[in-house]
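Beneath this line is the structure, given in structure tokens, with notes to follow.
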Amino acid sequence: MHFLVVGQWQGSASSRAMRLGDGASAIAADLPRASTTVVEVPAGAGDRLETAVARYTAVLGVAERVAEETSVASEPVLVVGGDGASVLGATVALDADTAFVRIAGSSGYRPLNRAQPVAAETAVLRLLVDRPDDLFPGLPRPSAGSVVLAGVRGLEDAERSALDRAGIAHLDVDAATPDALGAAVDATGASSVFVHVDLDVLDPSEIDGLLEPVPFGLDGAGLVERIQAATRGRRLAGAALTGFAPVDPDRAVDDLGVILRVVGALTSAARIG
């Protein structure tokens, strides 16, 4: 597997978003150098250019660089973000026979409205499946029926209804057992899978470095089990791991044990596939 380190923060809505760049760097320190590429992230916030996406130019520029690196990679790519929108460029690895599995505490399916621009990571699933044609041109648009969302909690009724209308399979954290997740991926009929793990799916007792911790999430072992369920019997087309935002280097070290087990589960799936 090849690792792309993408310390993007511009897709986050948090005032502490720059911690996400530190998180990507902390994970990168434990990755094999020969298999790791660092994608340059602009220092500035970027401009929305009257789109529905806050800081659009910065997020677009990073997505284009990630797409370029992913397209030339000879192995499946694991994007180590950064905010959740760091995954956008890596989706060039998707084709019509690939399921997109998002294991996250949040839906990523906020509506797009030019009058009220949203942070890219809050609408990343919407940007993949149902974006206007002028946003992120050149990236594949997976069908809603090939998408599985698992591990969410605190889902608002409007988001739930929007997911249902779109035909996106979604499993709240209590319903997202390994068997249920595996069955949902089976139902897509896909023979390969792209897995996006956002660390907000974990319970705050399991990991300290979260910008918006929400209780009653998964533990590390449970997350690994769900990655295994989503990828079992399928080729791993690519993956992303996002959302690590440590307060300081010492506290980052305390979280890395859990995070590296997740990295190990994803790299193991790539080898098996």
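Identifiers in this document derive from the order of the structure tokens: chains are assigned A, B, ..., residues are numbered from 1 separately in each chain, and ligands are numbered from 1 in order of occurrence.
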Give me, as a PyMOL selection string, all polymer residues having an atom no more than 10 Å from segment 242-246 of chain A, counting only C-alpha atoms and skipping those fewer than 4 positions away in the same chain. chain A and resi 6-9+12+16-27+79-87+104+121+196-201+207-212+250-256+259
Mind running segment 159-241 of chain A against segment 91-99 of chain A at 9 Å and telling me each contacting residue's nearest atom pair with the distance in Å (one decimal), counting only C-alpha atoms, chain and number ascending, as a tab-separated table?
```
residue	atom	partner	partner_atom	distance
A:Val185	CA	A:Ala99	CA	7.0
A:Thr188	CA	A:Ala99	CA	6.7
A:Gly189	CA	A:Asp97	CA	7.7
A:Ala190	CA	A:Asp97	CA	4.9
A:Ser191	CA	A:Asp97	CA	6.0
A:Ser192	CA	A:Thr98	CA	4.7
A:Val193	CA	A:Ala99	CA	4.6
A:Phe194	CA	A:Ala99	CA	6.1
A:Val195	CA	A:Ala99	CA	8.4
A:Arg235	CA	A:Thr98	CA	8.9
A:Leu236	CA	A:Thr98	CA	8.8
A:Ala237	CA	A:Ala93	CA	6.1
A:Gly238	CA	A:Ala93	CA	6.5
A:Ala239	CA	A:Thr91	CA	8.8
```
Write out as a list of chain:residue names each polymer residue whose atoms come within 7 Å of segment 146-154 of chain A, counting only C-alpha atoms; drop sequence neighbours fewer than 6 positions from it.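 Surrounding residues, per the criterion: A:Ala99, A:Phe100, A:Val101, A:Arg102, A:Ile103, A:Ala104, A:Gly105, A:Ser106, A:Ser107, A:Ile168, A:Ala169, A:His170, A:Leu171, A:Asp172, A:Val173, A:Ala176, A:Ala184, A:Val185, A:Thr188, A:Val201.
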Written selection (C-alpha atoms) as a PDB file, in the first residue's frame:
```pdb
ATOM      1  CA  ALA A  99     -18.463   0.276  -3.203  1.00  0.00           C
ATOM      2  CA  PHE A 100     -17.684   3.388  -1.171  1.00  0.00           C
ATOM      3  CA  VAL A 101     -17.877   2.659   2.562  1.00  0.00           C
ATOM      4  CA  ARG A 102     -17.756   5.564   4.999  1.00  0.00           C
ATOM      5  CA  ILE A 103     -17.227   4.519   8.623  1.00  0.00           C
ATOM      6  CA  ALA A 104     -17.746   7.719  10.565  1.00  0.00           C
ATOM      7  CA  GLY A 105     -19.659   9.296  13.391  1.00  0.00           C
ATOM      8  CA  SER A 106     -21.131  11.963  11.094  1.00  0.00           C
ATOM      9  CA  SER A 107     -22.987  11.582   7.819  1.00  0.00           C
ATOM     10  CA  ILE A 168     -27.816   5.574   0.497  1.00  0.00           C
ATOM     11  CA  ALA A 169     -27.591   2.679   2.941  1.00  0.00           C
ATOM     12  CA  HIS A 170     -26.875   3.988   6.425  1.00  0.00           C
ATOM     13  CA  LEU A 171     -26.390   2.216   9.738  1.00  0.00           C
ATOM     14  CA  ASP A 172     -26.367   3.995  13.075  1.00  0.00           C
ATOM     15  CA  VAL A 173     -23.576   2.967  15.406  1.00  0.00           C
ATOM     16  CA  ALA A 176     -23.592  -1.202  12.375  1.00  0.00           C
ATOM     17  CA  ALA A 184     -24.881  -3.865   3.403  1.00  0.00           C
ATOM     18  CA  VAL A 185     -21.686  -3.983   1.338  1.00  0.00           C
ATOM     19  CA  THR A 188     -24.146  -3.200  -3.414  1.00  0.00           C
ATOM     20  CA  VAL A 201     -16.525   7.171  14.774  1.00  0.00           C
TER      21      VAL A 201
END
```
Residues flagged strand (DSSP E or B) by DSSP in segment 59-197 of chain A, as a PyMOL selection string: chain A and resi 77-81+98-103+118+147-152+169-172+192-197
Using only C-alpha atoms, which residues sit within 8 Å of Val129 of chain A once same-chain residues fewer than 5 positions away are excluded, as a list of chain:residue names? A:Arg141, A:Pro142, A:Ser143, A:Ala144
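In terms of minimum interatomic distance to Ala29 of chain A, A:Val5 ranks closest within A:Gly222, A:Gly138, A:Val5, A:Ala229, counting only C-alpha atoms.
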For Ser14 of chain A, which of A:Leu31, A:Thr36, A:Glu156, A:Ala119 is the closest residue, counting only C-alpha atoms? A:Ala119
Identify all residues of segment 1-222 of chain A in alpha helix (DSSP H) (DSSP on the backbone) and supply them as a PyMOL selection string. chain A and resi 19-28+56-72+124-129+157-166+178-188+220-222
At what distance in Å, to one decimal, does atom CA of Leu88 of chain A lie from atom CA of Ala63 of chain A?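 That distance, rounded to one decimal, is 5.7 Å.
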Between atom CA of Leu49 of chain A and atom CA of Ala115 of chain A, what is the distance in Å, rounded to a tenth?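 Atom CA of Ala115 of chain A lies 12.1 Å from atom CA of Leu49 of chain A.
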Separation of atom CA of Asp174 of chain A from atom CA of Ala270 of chain A in Å: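 These two atoms are separated by 27.0 Å.
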Kindly indicate which residue among A:Gly167, A:Gly217, A:Gly44, A:Pro32 lies nearest to Ser205 of chain A, using only C-alpha atoms for the distances.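 Between A:Gly167, A:Gly217, A:Gly44, A:Pro32, the residue approaching Ser205 of chain A most closely is A:Gly217.
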Residues of segment 72-153 of chain A that approach segment 266-269 of chain A to 10 Å or less, counting only C-alpha atoms: could you list each one with the shortest pair of atoms and its distance in Å to one decimal, rows by chain and increasing residue number, as JSON lines?
```
{"residue": "A:Pro76", "atom": "CA", "partner": "A:Thr267", "partner_atom": "CA", "distance": 9.1}
{"residue": "A:Val77", "atom": "CA", "partner": "A:Thr267", "partner_atom": "CA", "distance": 9.5}
{"residue": "A:Leu78", "atom": "CA", "partner": "A:Leu266", "partner_atom": "CA", "distance": 8.0}
```
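Using only C-alpha atoms for every distance, the candidate list A:Leu139, A:Ala120, A:Ala180, A:Leu202 yields A:Ala120 as the residue closest to Ala13 of chain A.
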Residues within 10 Å of Thr37 of chain A, only C-alpha atoms, excluding chain neighbours under 3 positions, as a VMD selection string: chain A and resid 2 to 6 28 33 to 34 40 69 79
Out of A:Val39, A:Ala123, A:Val262, A:Leu241, which residue has the shortest atom-to-atom distance to Ala54 of chain A when counting only C-alpha atoms? A:Ala123
